[in-house]
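A.B. asks: File work30.txt below, compact mmCIF, C-alpha atoms:
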# COMPACT_ATOMS: atom_id res chain seq x y z
CA MET A 1 -10.79 -12.29 26.13
CA ILE A 2 -13.70 -14.50 27.14
CA THR A 3 -13.08 -17.01 29.96
CA GLN A 4 -13.39 -20.79 29.71
CA GLN A 5 -16.56 -20.80 31.84
CA GLU A 6 -18.20 -18.06 29.78
CA ILE A 7 -17.56 -19.86 26.50
CA LEU A 8 -19.20 -23.01 27.85
CA GLN A 9 -22.30 -21.03 28.81
CA LEU A 10 -22.49 -19.41 25.35
CA LEU A 11 -22.00 -22.77 23.62
CA HIS A 12 -25.14 -24.23 25.17
CA ASP A 13 -27.25 -21.13 24.56
CA THR A 14 -28.52 -22.22 21.14
CA GLU A 15 -30.59 -19.03 20.70
CA SER A 16 -27.60 -16.70 21.04
CA TYR A 17 -26.83 -14.51 18.02
CA ARG A 18 -23.32 -13.89 19.38
CA VAL A 19 -21.91 -17.36 18.59
CA GLU A 20 -21.09 -19.12 15.31
CA ARG A 21 -20.31 -22.82 15.92
CA THR A 22 -18.56 -25.07 13.42
CA THR A 23 -16.64 -28.34 13.32
CA SER A 24 -14.83 -27.51 10.07
CA LYS A 25 -11.14 -26.64 10.09
CA THR A 26 -10.92 -25.57 6.44
CA ASP A 27 -14.09 -23.62 5.53
CA SER A 28 -12.41 -20.21 5.28
CA ASP A 29 -15.44 -18.61 3.60
CA LYS A 30 -17.64 -19.55 6.55
CA PHE A 31 -15.07 -18.22 9.01
CA CYS A 32 -14.67 -14.90 7.18
CA GLN A 33 -18.41 -14.39 6.68
CA ALA A 34 -18.99 -14.89 10.42
CA ILE A 35 -16.18 -12.48 11.36
CA CYS A 36 -17.55 -9.90 8.89
CA ALA A 37 -21.08 -10.26 10.30
CA PHE A 38 -19.93 -9.90 13.91
CA SER A 39 -17.88 -6.82 12.96
CA ASN A 40 -20.95 -5.14 11.45
CA ASP A 41 -23.08 -5.73 14.58
CA ILE A 42 -26.33 -4.87 12.77
CA SER A 43 -28.31 -5.10 16.03
CA ASP A 44 -26.02 -2.41 17.54
CA SER A 45 -25.67 -4.45 20.72
CA GLY A 46 -22.09 -3.32 21.25
CA LYS A 47 -21.23 -6.86 22.36
CA ASN A 48 -18.45 -9.04 21.01
CA GLY A 49 -19.19 -12.01 18.75
CA TYR A 50 -17.53 -15.43 18.87
CA LEU A 51 -16.49 -17.84 16.13
CA VAL A 52 -16.09 -21.21 17.87
CA ILE A 53 -14.29 -23.96 15.94
CA GLY A 54 -14.63 -27.47 17.36
CA ALA A 55 -18.29 -27.52 18.49
CA TYR A 56 -21.56 -28.85 17.05
CA ASP A 57 -24.70 -26.71 16.74
CA ASN A 58 -26.06 -28.21 19.97
CA GLY A 59 -22.97 -27.05 21.88
CA GLU A 60 -21.27 -30.46 22.18
CA LEU A 61 -17.52 -30.60 21.49
CA SER A 62 -16.36 -32.46 18.38
CA GLY A 63 -13.04 -33.70 19.79
CA LEU A 64 -10.94 -31.27 17.73
CA LYS A 65 -7.21 -30.99 18.36
CA VAL A 66 -6.07 -27.42 17.72
CA ASP A 67 -2.53 -27.13 16.34
CA ASP A 68 -0.31 -24.15 15.53
CA HIS A 69 -1.26 -24.24 11.84
CA LEU A 70 -4.96 -23.74 12.61
CA LEU A 71 -4.16 -20.97 15.09
CA LEU A 72 -2.05 -19.18 12.49
CA THR A 73 -4.68 -19.64 9.74
CA ILE A 74 -7.45 -18.02 11.80
CA SER A 75 -5.18 -15.25 13.11
CA ASN A 76 -4.11 -14.31 9.55
CA ILE A 77 -7.72 -13.61 8.55
CA ARG A 78 -7.38 -10.21 10.24
CA THR A 79 -4.60 -9.00 7.92
CA ASP A 80 -5.04 -10.95 4.66
CA GLY A 81 -6.91 -8.06 3.04
CA ASN A 82 -10.13 -9.95 2.26
CA ILE A 83 -12.08 -8.27 5.08
CA LEU A 84 -12.07 -4.46 4.89
CA PRO A 85 -11.84 -2.44 7.06
CA GLN A 86 -9.69 -4.83 9.09
CA PRO A 87 -11.62 -6.58 11.88
CA ILE A 88 -10.62 -6.20 15.53
CA MET A 89 -10.24 -9.75 16.83
CA THR A 90 -8.28 -12.02 19.13
CA VAL A 91 -7.80 -15.78 18.87
CA GLU A 92 -7.51 -18.20 21.78
CA LYS A 93 -7.29 -21.97 22.29
CA PHE A 94 -9.30 -23.69 25.07
CA SER A 95 -8.68 -27.30 26.09
CA PHE A 96 -11.31 -29.63 27.61
CA GLU A 97 -11.49 -33.37 28.29
CA GLN A 98 -13.75 -33.83 25.24
CA GLY A 99 -11.39 -31.90 22.93
CA ASP A 100 -10.10 -28.41 22.09
CA LEU A 101 -11.93 -25.25 21.04
CA LEU A 102 -10.47 -22.46 18.92
CA VAL A 103 -12.30 -19.22 19.72
CA ALA A 104 -12.05 -15.99 17.72
CA GLU A 105 -13.47 -13.02 19.63
CA ILE A 106 -14.60 -10.20 17.31
CA GLN A 107 -15.35 -6.64 18.39
CA PRO A 108 -17.99 -4.50 16.60
CA SER A 109 -16.32 -2.20 14.07
CA GLU A 110 -16.38 1.57 14.47
CA PHE A 111 -16.37 1.94 10.69
CA PRO A 112 -19.09 -0.27 9.21
CA PRO A 113 -20.14 -1.51 6.75
CA VAL A 114 -17.37 -4.13 6.84
CA ARG A 115 -17.05 -6.19 3.65
CA TYR A 116 -15.74 -9.65 2.91
CA ARG A 117 -14.65 -9.76 -0.73
CA GLY A 118 -16.99 -6.91 -1.60
CA ARG A 119 -20.08 -8.23 0.26
CA VAL A 120 -21.55 -6.88 3.49
CA TRP A 121 -22.47 -9.75 5.83
CA VAL A 122 -24.79 -9.29 8.81
CA ARG A 123 -26.14 -11.55 11.52
CA VAL A 124 -29.91 -11.83 11.92
CA GLY A 125 -30.60 -13.94 14.99
CA PRO A 126 -28.59 -17.17 14.79
CA ARG A 127 -28.22 -16.87 10.99
CA LYS A 128 -26.00 -14.71 8.78
CA SER A 129 -26.78 -13.30 5.33
CA VAL A 130 -25.77 -10.58 2.85
CA ALA A 131 -27.06 -7.18 4.01
CA SER A 132 -30.08 -5.63 2.30
CA GLU A 133 -29.98 -2.02 1.10
CA ALA A 134 -31.83 -0.89 4.22
CA GLU A 135 -29.39 -2.72 6.50
CA GLU A 136 -26.41 -1.30 4.63
CA LYS A 137 -27.86 2.20 5.07
CA ILE A 138 -28.13 1.63 8.83
CA LEU A 139 -24.47 0.57 8.94
CA THR A 140 -23.46 3.62 6.88
CA GLU A 141 -25.23 5.96 9.29
CA LYS A 142 -23.47 4.25 12.19
CA ARG A 143 -20.15 4.83 10.43
CA LEU A 144 -20.91 8.54 10.02
CA SER A 145 -21.66 8.88 13.72
CA ASN A 146 -18.19 7.49 14.49
CA VAL A 147 -16.30 9.92 12.23
CA ARG A 148 -12.92 10.71 13.76
CA THR A 149 -10.37 10.88 10.94
CA PHE A 150 -9.70 13.62 8.37
CA ASP A 151 -10.60 11.52 5.34
CA ALA A 152 -14.05 10.69 6.80
CA LYS A 153 -15.03 14.33 7.43
CA PRO A 154 -17.54 15.96 5.07
CA CYS A 155 -15.99 18.34 2.55
CA LEU A 156 -18.49 21.15 3.06
CA GLY A 157 -19.21 23.31 0.03
CA THR A 158 -18.77 20.47 -2.45
CA SER A 159 -21.28 18.26 -4.24
CA LEU A 160 -21.28 15.15 -6.40
CA GLN A 161 -20.36 17.38 -9.37
CA ASP A 162 -16.94 17.93 -7.76
CA LEU A 163 -16.13 14.23 -8.18
CA ASP A 164 -15.16 12.35 -11.35
CA VAL A 165 -18.19 10.05 -11.28
CA PRO A 166 -17.38 8.16 -14.55
CA LEU A 167 -13.94 7.37 -13.11
CA ILE A 168 -15.52 6.08 -9.90
CA ARG A 169 -17.91 3.84 -11.80
CA LYS A 170 -15.24 2.52 -14.14
CA GLU A 171 -12.15 2.18 -11.96
CA PHE A 172 -13.21 1.98 -8.33
CA LEU A 173 -16.66 0.50 -7.72
CA PRO A 174 -16.04 -2.72 -9.74
CA LYS A 175 -12.96 -3.39 -7.59
CA ALA A 176 -14.56 -2.40 -4.28
CA VAL A 177 -17.84 -4.30 -4.61
CA ALA A 178 -18.53 -7.84 -5.82
CA GLU A 179 -19.78 -7.95 -9.41
CA ASP A 180 -23.18 -9.53 -8.70
CA ILE A 181 -23.83 -7.14 -5.81
CA LEU A 182 -22.93 -4.14 -7.94
CA THR A 183 -25.14 -5.35 -10.80
CA ASP A 184 -28.17 -5.60 -8.50
CA ASP A 185 -27.42 -2.30 -6.75
CA LYS A 186 -29.87 0.27 -8.18
CA ARG A 187 -29.16 2.97 -5.61
CA PRO A 188 -27.93 6.46 -6.61
CA VAL A 189 -24.16 6.80 -6.72
CA GLU A 190 -24.31 9.03 -3.62
CA GLU A 191 -25.67 6.15 -1.55
CA GLN A 192 -23.20 3.70 -3.09
CA LEU A 193 -20.31 5.98 -2.13
CA ALA A 194 -21.82 6.56 1.33
CA SER A 195 -21.80 2.81 1.96
CA LEU A 196 -18.05 2.85 1.26
CA GLY A 197 -17.43 5.91 3.48
CA PHE A 198 -16.92 8.47 0.69
CA PHE A 199 -20.16 10.50 0.81
CA ASP A 200 -21.87 12.18 3.78
CA LEU A 201 -25.64 11.89 3.38
CA ARG A 202 -26.29 14.24 6.32
CA TYR A 203 -24.61 17.16 4.54
CA ASN A 204 -25.19 15.82 1.01
CA CYS A 205 -21.52 16.20 0.09
CA PRO A 206 -18.44 14.01 -0.56
CA THR A 207 -15.97 13.32 2.23
CA MET A 208 -12.45 14.75 2.24
CA GLY A 209 -11.18 11.27 1.32
CA ALA A 210 -13.44 11.20 -1.75
CA VAL A 211 -12.12 14.59 -2.90
CA VAL A 212 -8.51 13.41 -2.55
CA LEU A 213 -9.21 10.11 -4.32
CA PHE A 214 -11.72 11.13 -7.02
CA GLY A 215 -12.02 14.93 -7.02
CA ASN A 216 -11.94 16.99 -10.20
CA ASN A 217 -9.73 19.56 -8.46
CA PRO A 218 -8.48 18.21 -5.11
CA GLU A 219 -6.03 21.05 -4.46
CA ARG A 220 -8.89 23.53 -4.26
CA TYR A 221 -10.01 21.91 -1.00
CA VAL A 222 -6.89 19.99 0.15
CA HIS A 223 -4.10 22.38 -0.77
CA GLY A 224 -1.11 20.09 -0.23
CA SER A 225 -2.51 17.01 -1.98
CA TYR A 226 0.25 16.55 -4.56
CA ILE A 227 3.71 15.00 -4.87
CA GLN A 228 6.66 17.24 -5.74
CA TYR A 229 9.53 15.46 -7.54
CA VAL A 230 12.88 17.25 -7.92
CA ARG A 231 16.19 15.93 -9.29
CA PHE A 232 19.12 17.87 -7.84
CA ASN A 233 22.63 17.94 -9.29
CA GLY A 234 24.80 17.05 -6.32
CA GLU A 235 24.21 15.69 -2.85
CA ASP A 236 22.15 18.52 -1.32
CA ARG A 237 19.56 21.13 -2.25
CA ALA A 238 22.25 23.69 -3.11
CA GLY A 239 22.81 21.94 -6.43
CA ASP A 240 21.17 22.96 -9.69
CA ILE A 241 17.76 21.49 -10.48
CA ILE A 242 18.08 19.01 -13.35
CA ASN A 243 14.44 18.03 -13.52
CA GLU A 244 11.19 18.57 -11.63
CA TYR A 245 7.61 17.40 -11.91
CA LYS A 246 4.38 17.89 -9.99
CA PHE A 247 2.08 14.87 -9.64
CA ASP A 248 -1.26 16.52 -8.99
CA GLY A 249 -4.92 15.66 -9.51
CA ASN A 250 -6.88 12.94 -7.74
CA LEU A 251 -5.10 9.83 -6.53
CA CYS A 252 -7.11 7.49 -8.75
CA LYS A 253 -5.46 9.15 -11.78
CA SER A 254 -2.08 10.13 -10.33
CA LEU A 255 -1.16 6.80 -8.70
CA PRO A 256 -0.74 4.99 -12.09
CA LYS A 257 1.44 7.90 -13.31
CA ILE A 258 3.61 7.72 -10.19
CA ASP A 259 3.88 3.95 -10.56
CA THR A 260 5.03 4.26 -14.18
CA PHE A 261 7.43 7.12 -13.36
CA VAL A 262 9.20 5.12 -10.65
CA GLU A 263 9.56 2.12 -12.96
CA THR A 264 10.78 4.00 -16.05
CA SER A 265 12.65 7.03 -14.68
CA ILE A 266 13.87 6.12 -11.18
CA ALA A 267 14.58 2.37 -11.25
CA ALA A 268 17.23 2.48 -13.99
CA LYS A 269 18.41 -1.08 -14.65
CA ARG A 270 21.58 -2.65 -16.06
CA PRO A 271 22.99 -6.19 -16.25
CA ILE A 272 25.92 -7.17 -14.02
CA PRO A 273 27.85 -10.35 -14.97
CA VAL A 274 27.97 -12.88 -12.14
CA SER A 275 29.48 -15.72 -14.20
CA VAL A 276 30.43 -16.49 -17.79
CA LEU A 277 26.88 -17.48 -18.72
CA ARG A 278 24.72 -15.56 -16.25
CA GLU A 279 23.88 -11.94 -15.57
CA GLU A 280 22.11 -10.26 -12.69
CA ILE A 281 19.83 -7.26 -13.30
CA VAL A 282 20.54 -4.46 -10.83
CA SER A 283 18.69 -1.15 -10.46
CA LYS A 284 19.88 2.18 -9.14
CA TYR A 285 16.82 2.09 -6.93
CA PRO A 286 14.73 -1.11 -6.95
CA TYR A 287 11.28 -0.46 -8.39
CA TRP A 288 9.09 -2.24 -5.84
CA ALA A 289 10.90 -0.92 -2.76
CA THR A 290 10.90 2.69 -4.00
CA ARG A 291 7.27 2.44 -5.04
CA GLU A 292 6.27 0.99 -1.65
CA LEU A 293 8.00 3.80 0.28
CA LEU A 294 6.30 6.41 -1.90
CA MET A 295 2.87 4.78 -1.62
CA ASN A 296 3.28 4.63 2.17
CA ALA A 297 3.99 8.37 2.20
CA ILE A 298 0.81 9.04 0.19
CA MET A 299 -1.29 6.77 2.41
CA HIS A 300 0.00 7.98 5.81
CA ARG A 301 0.58 11.69 5.16
CA ASP A 302 -1.30 14.41 7.08
CA TYR A 303 -3.74 15.87 4.54
CA ASP A 304 -4.59 18.71 6.96
CA SER A 305 -1.16 20.15 6.11
CA ASN A 306 -0.70 22.46 3.12
CA ALA A 307 2.74 20.98 2.39
CA PRO A 308 3.19 18.44 -0.44
CA ILE A 309 5.03 15.14 -0.30
CA GLN A 310 8.67 15.75 -1.22
CA PHE A 311 10.21 13.15 -3.54
CA TYR A 312 13.79 14.39 -3.94
CA GLU A 313 16.53 12.61 -5.89
CA TYR A 314 20.22 13.46 -5.37
CA ASP A 315 23.38 11.97 -6.90
CA ASN A 316 23.74 9.44 -4.09
CA ARG A 317 20.26 8.94 -2.58
CA ILE A 318 16.51 9.48 -2.69
CA GLU A 319 14.63 11.23 0.11
CA ILE A 320 10.85 10.90 0.57
CA GLN A 321 9.29 13.22 3.13
CA ASN A 322 5.60 13.50 3.96
CA PRO A 323 3.75 15.89 6.30
CA GLY A 324 2.75 14.24 9.58
CA GLY A 325 4.92 12.22 11.94
CA LEU A 326 4.21 8.77 13.38
CA TYR A 327 0.51 8.34 14.10
CA GLY A 328 -1.62 6.77 16.80
CA LYS A 329 -0.15 3.68 18.42
CA VAL A 330 3.07 3.83 16.35
CA SER A 331 6.23 5.11 18.04
CA PRO A 332 9.97 5.04 17.20
CA THR A 333 10.38 2.08 19.57
CA ASN A 334 7.73 -0.18 17.98
CA PHE A 335 8.05 0.88 14.31
CA PRO A 336 7.55 -1.01 11.96
CA ASN A 337 6.06 -3.82 14.07
CA ILE A 338 2.92 -1.81 14.91
CA SER A 339 0.74 -0.11 12.31
CA ASP A 340 -1.98 2.53 12.61
CA TYR A 341 -3.84 4.58 10.01
CA ARG A 342 -4.24 8.34 9.94
CA ASN A 343 -6.40 7.98 6.80
CA PRO A 344 -8.18 4.60 7.03
CA PHE A 345 -10.56 5.22 4.12
CA ILE A 346 -7.81 6.40 1.77
CA ALA A 347 -5.74 3.39 2.87
CA GLU A 348 -8.70 1.09 2.19
CA ALA A 349 -9.19 2.58 -1.29
CA MET A 350 -5.48 2.24 -2.14
CA LYS A 351 -5.69 -1.41 -1.09
CA VAL A 352 -8.73 -1.92 -3.34
CA LEU A 353 -6.92 -0.24 -6.26
CA GLY A 354 -3.91 -2.51 -5.75
CA TYR A 355 -1.25 -0.02 -4.61
CA VAL A 356 -0.77 -1.17 -1.00
CA ASN A 357 -1.37 -4.48 0.75
CA ARG A 358 -1.95 -3.49 4.42
CA PHE A 359 -0.38 -6.76 5.59
CA SER A 360 2.01 -4.94 7.97
CA ARG A 361 5.02 -6.40 6.17
CA GLY A 362 5.88 -3.75 3.56
CA VAL A 363 8.84 -2.23 5.42
CA TYR A 364 10.41 -5.65 6.00
CA ARG A 365 10.15 -6.50 2.32
CA VAL A 366 11.53 -3.06 1.36
CA GLN A 367 14.60 -3.56 3.53
CA LYS A 368 15.17 -7.05 2.13
CA GLU A 369 14.94 -5.86 -1.50
CA LEU A 370 17.21 -2.87 -0.89
CA LYS A 371 19.92 -5.00 0.70
CA GLU A 372 19.77 -7.59 -2.09
CA ASN A 373 20.10 -4.81 -4.70
CA GLY A 374 23.16 -3.28 -3.01
CA ASN A 375 21.46 -0.13 -1.68
CA GLY A 376 21.74 -1.01 1.98
CA ALA A 377 18.85 -0.61 4.40
CA ALA A 378 16.61 2.45 4.20
CA THR A 379 16.87 4.85 7.13
CA PHE A 380 13.82 6.40 8.79
CA ASP A 381 14.00 9.83 10.44
CA PHE A 382 11.54 10.24 13.34
CA SER A 383 13.08 13.46 14.65
CA LEU A 384 11.12 15.92 12.50
CA ARG A 385 7.98 15.73 14.71
CA THR A 386 5.60 17.21 12.13
CA ALA A 387 7.00 15.21 9.19
CA PHE A 388 8.33 11.75 8.38
CA ARG A 389 11.39 11.16 6.18
CA VAL A 390 12.90 8.02 4.68
CA VAL A 391 16.27 7.89 2.88
CA GLU A 392 17.11 5.30 0.22
CA ASN A 393 20.78 5.18 -0.84
CA ILE A 394 21.87 4.51 -4.41
CA SER A 395 22.93 0.94 -5.26
CA LYS A 396 26.67 0.26 -5.11
CA LYS A 397 26.21 -2.83 -7.29
CA TYR A 398 24.93 -0.61 -10.10
CA PHE A 399 28.41 0.86 -10.58
CA GLU A 400 30.38 -2.39 -10.52
CA GLU A 401 33.30 -2.65 -12.95
CA GLY A 402 32.47 -3.48 -16.53
CA PHE A 403 29.09 -1.79 -16.50
CA GLY A 404 29.46 1.88 -15.71
CA ILE A 405 32.15 3.18 -13.39
CA HIS A 406 32.75 3.11 -9.67
CA ILE A 407 31.60 6.15 -7.73
CA GLY A 408 35.22 6.87 -6.76
CA GLU A 409 36.34 6.50 -10.38
CA LYS A 410 33.62 8.91 -11.46
CA ASP A 411 35.03 11.58 -9.13
CA TYR A 412 38.54 10.90 -10.46
CA LEU A 413 37.46 11.34 -14.09
CA GLU A 414 35.56 14.54 -13.35
CA ASN A 415 38.56 16.04 -11.52
CA SER A 416 40.97 14.94 -14.27
CA GLN A 417 38.91 16.63 -16.99
CA LYS A 418 39.07 19.93 -15.12
CA LEU A 419 42.92 19.98 -15.39
CA PRO A 420 44.16 21.86 -18.54
CA GLY A 421 46.14 19.82 -21.05
CA LYS A 422 45.42 16.49 -19.33
CA GLN A 423 43.18 13.60 -20.24
CA PRO A 424 42.36 10.50 -18.23
CA GLU A 425 44.58 7.54 -19.12
CA THR A 426 41.54 5.56 -20.36
CA THR A 427 40.69 8.37 -22.80
CA ARG A 428 44.26 8.56 -24.23
CA LYS A 429 44.39 4.80 -24.72
CA THR A 430 41.08 4.85 -26.56
CA ALA A 431 42.32 7.60 -28.84
CA ARG A 432 45.56 5.72 -29.68
CA ASN A 433 43.63 2.52 -30.41
CA ARG A 434 41.31 4.41 -32.75
CA LYS A 435 44.29 5.71 -34.78
CA LYS A 436 45.62 2.18 -35.25
CA LEU A 437 42.46 0.90 -36.97
CA PRO A 438 43.36 -0.64 -40.37
CA ARG A 439 42.41 1.64 -43.22
CA LYS A 440 41.00 -1.23 -45.27
CA LYS A 441 38.43 -2.12 -42.64
CA THR A 442 37.35 1.53 -42.36
CA GLU A 443 36.87 1.73 -46.13
CA ASN A 444 34.84 -1.49 -46.20
CA TYR A 445 32.61 -0.10 -43.44
CA THR A 446 32.07 3.06 -45.54
CA GLU A 447 31.23 0.97 -48.61
CA VAL A 448 28.61 -0.99 -46.70
CA ILE A 449 26.91 2.25 -45.65
CA ARG A 450 26.88 3.50 -49.23
CA CYS A 451 25.40 0.24 -50.54
CA ASP A 452 22.66 0.47 -47.93
CA GLU A 453 21.90 4.03 -48.93
CA LYS A 454 21.50 2.98 -52.56
Could you quickly redo this structure as structure tokens?

C.D. replies:
Amino acid sequence: MITQQEILQLLHDTESYRVERTTSKTDSDKFCQAICAFSNDISDSGKNGYLVIGAYDNGELSGLKVDDHLLLTISNIRTDGNILPQPIMTVEKFSFEQGDLLVAEIQPSEFPPVRYRGRVWVRVGPRKSVASEAEEKILTEKRLSNVRTFDAKPCLGTSLQDLDVPLIRKEFLPKAVAEDILTDDKRPVEEQLASLGFFDLRYNCPTMGAVVLFGNNPERYVHGSYIQYVRFNGEDRAGDIINEYKFDGNLCKSLPKIDTFVETSIAAKRPIPVSVLREEIVSKYPYWATRELLMNAIMHRDYDSNAPIQFYEYDNRIEIQNPGGLYGKVSPTNFPNISDYRNPFIAEAMKVLGYVNRFSRGVYRVQKELKENGNGAATFDFSLRTAFRVVENISKKYFEEGFGIHIGEKDYLENSQKLPGKQPETTRKTARNRKKLPRKKTENYTEVIRCDEK
């Protein structure tokens, strides 16, 4: 972080392109545009930029008093999802006799162009503006030179014809780029995708991330890029298979199907009475929590592996296992407090499409929702080395008395039915009650049916 003496020197250098001064405490657009511009580093200086709150344009201090709320507001800009990819920045408070300064130090991004709400901002001298097509091309080429992750590698042997271009234009580009920018953008779709990190202009082919997200046949090039769902009868894989389904195809099409499947087929719901006049809706597996765990597996999996994501449902739990263990800076000791991305471009696209938030709080919310629903906390298995597994137990609330049966009672009934000549007591009572029904009422019920049929 910059020192107090260095910030004073920069403040009074009015020609410096590395400093954005402001006296406003609330102009979030101005803050974000400056952070975006410093991240893009269009001059390729490799030097950090500084957003300084509490100073006039001439370098004089405004007398600002920095409080915790302002510190938190500026710090949250990094993870609020409006600037993508996420900027690398630190925030510091400096106190002087004339007042306080809040300084955000921003490092140049390795994966430009960086966008704020769909617009690429750059800094030209002491001023910032929206990038021109030529400037955006420069940033794209810089991004290609920094390729390090699987989803940014060129998928050699493919061309634009291997992507679902109408799908890209209809479903992705309008969400990834601001409407007015997209309307004025007359570039070929290859250059539009290249500016988002999904097309390699050097090899004239889509990236691996583009094939996974928008490809006509992703499995041809990324063999394990599908989700395998299996419903087993019992509590292990030795049981019979009740149902199975393969979610294949590109993610842009399969993610909505997975979302719907979790909501309609996994998160079975039923009302549980909590008082005479009020009911609580409880799910076997809460929709949002299950969906979040599955989306995390899709986003963080190792696409170099030929293995699919395993989405296995047993009588008492769900297991989700994806190829690839913990990545980068993440370890068993700091999970889930630290996040890192094996597939940053796929993660960015899933954020744009609305399936993940990238706020580094998903696991905490999952655990909270599971506990409230009666499932208990999810357990994460880090011991597999080349894979990552999470286990979500079935809700105990779902089987509360009056709506369904207890798990123990279910076992009792199943065992009782296996005994010859015996019936569960509840079954015998029901049969006796049915015999005692008044004949007159039965006849009236039959007459009503006949009248309806006429």

A.B. asks: So which one's closest to Ile53 of chain A, A:His223, A:Arg78, A:Arg21, A:Arg291? Using only C-alpha atoms, please.

C.D. replies: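 Of A:His223, A:Arg78, A:Arg21, A:Arg291, the one nearest Ile53 of chain A, counting only C-alpha atoms, is A:Arg21.
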
A.B. asks: Could you give me, as a compact mmCIF listing (two decimals) with C-alpha atoms, keeping the file's coordinate frame, the residues within 10 Å of Leu173 of chain A, counting all atoms listed in the file and dropping anything in the same chain fewer than 3 positions from it?

C.D. replies:
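Dumped everything to selection.txt:
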# COMPACT_ATOMS: atom_id res chain seq x y z
CA GLY A 118 -16.99 -6.91 -1.60
CA LEU A 167 -13.94 7.37 -13.11
CA ILE A 168 -15.52 6.08 -9.90
CA ARG A 169 -17.91 3.84 -11.80
CA LYS A 170 -15.24 2.52 -14.14
CA ALA A 176 -14.56 -2.40 -4.28
CA VAL A 177 -17.84 -4.30 -4.61
CA ALA A 178 -18.53 -7.84 -5.82
CA GLU A 179 -19.78 -7.95 -9.41
CA LEU A 182 -22.93 -4.14 -7.94
CA VAL A 189 -24.16 6.80 -6.72
CA GLN A 192 -23.20 3.70 -3.09
CA LEU A 193 -20.31 5.98 -2.13
CA LEU A 196 -18.05 2.85 1.26
CA VAL A 352 -8.73 -1.92 -3.34
CA LEU A 353 -6.92 -0.24 -6.26

A.B. asks: Just how far from atom CA of Lys284 of chain A is atom CA of Asp240 of chain A, in Å to one decimal?

C.D. replies: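 Atom CA of Lys284 of chain A lies 20.8 Å from atom CA of Asp240 of chain A.
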
A.B. asks: Using all atoms listed in the file, list the residues that have an atom at most 12 Å from (-24.6, -7.3, 13.1), coordinates as in the file, as a PyMOL selection string.

C.D. replies: chain A and resi 17-19+33-49+106-109+112-114+120-131+135-136+138-139+142

A.B. asks: Please tell me which residues are no farther than 6 Å from (7.8, 0.5, 3.4) in the file, counting only C-alpha atoms, and write them as a ChimeraX atom specification.

C.D. replies: /A:292-293,362-363,366

A.B. asks: Using only C-alpha atoms, determine which residues lie at most 8 Å from Val211 of chain A, disregarding the query and same-chain residues fewer than 3 positions distant; provide the list as a list in words.

C.D. replies: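 Contacts, in chain order: Cys155, Asp162, Leu163, Pro206, Thr207, Met208, Phe214, Gly215, Asn216, Asn217, Pro218, Tyr221 and Asn250 of chain A.
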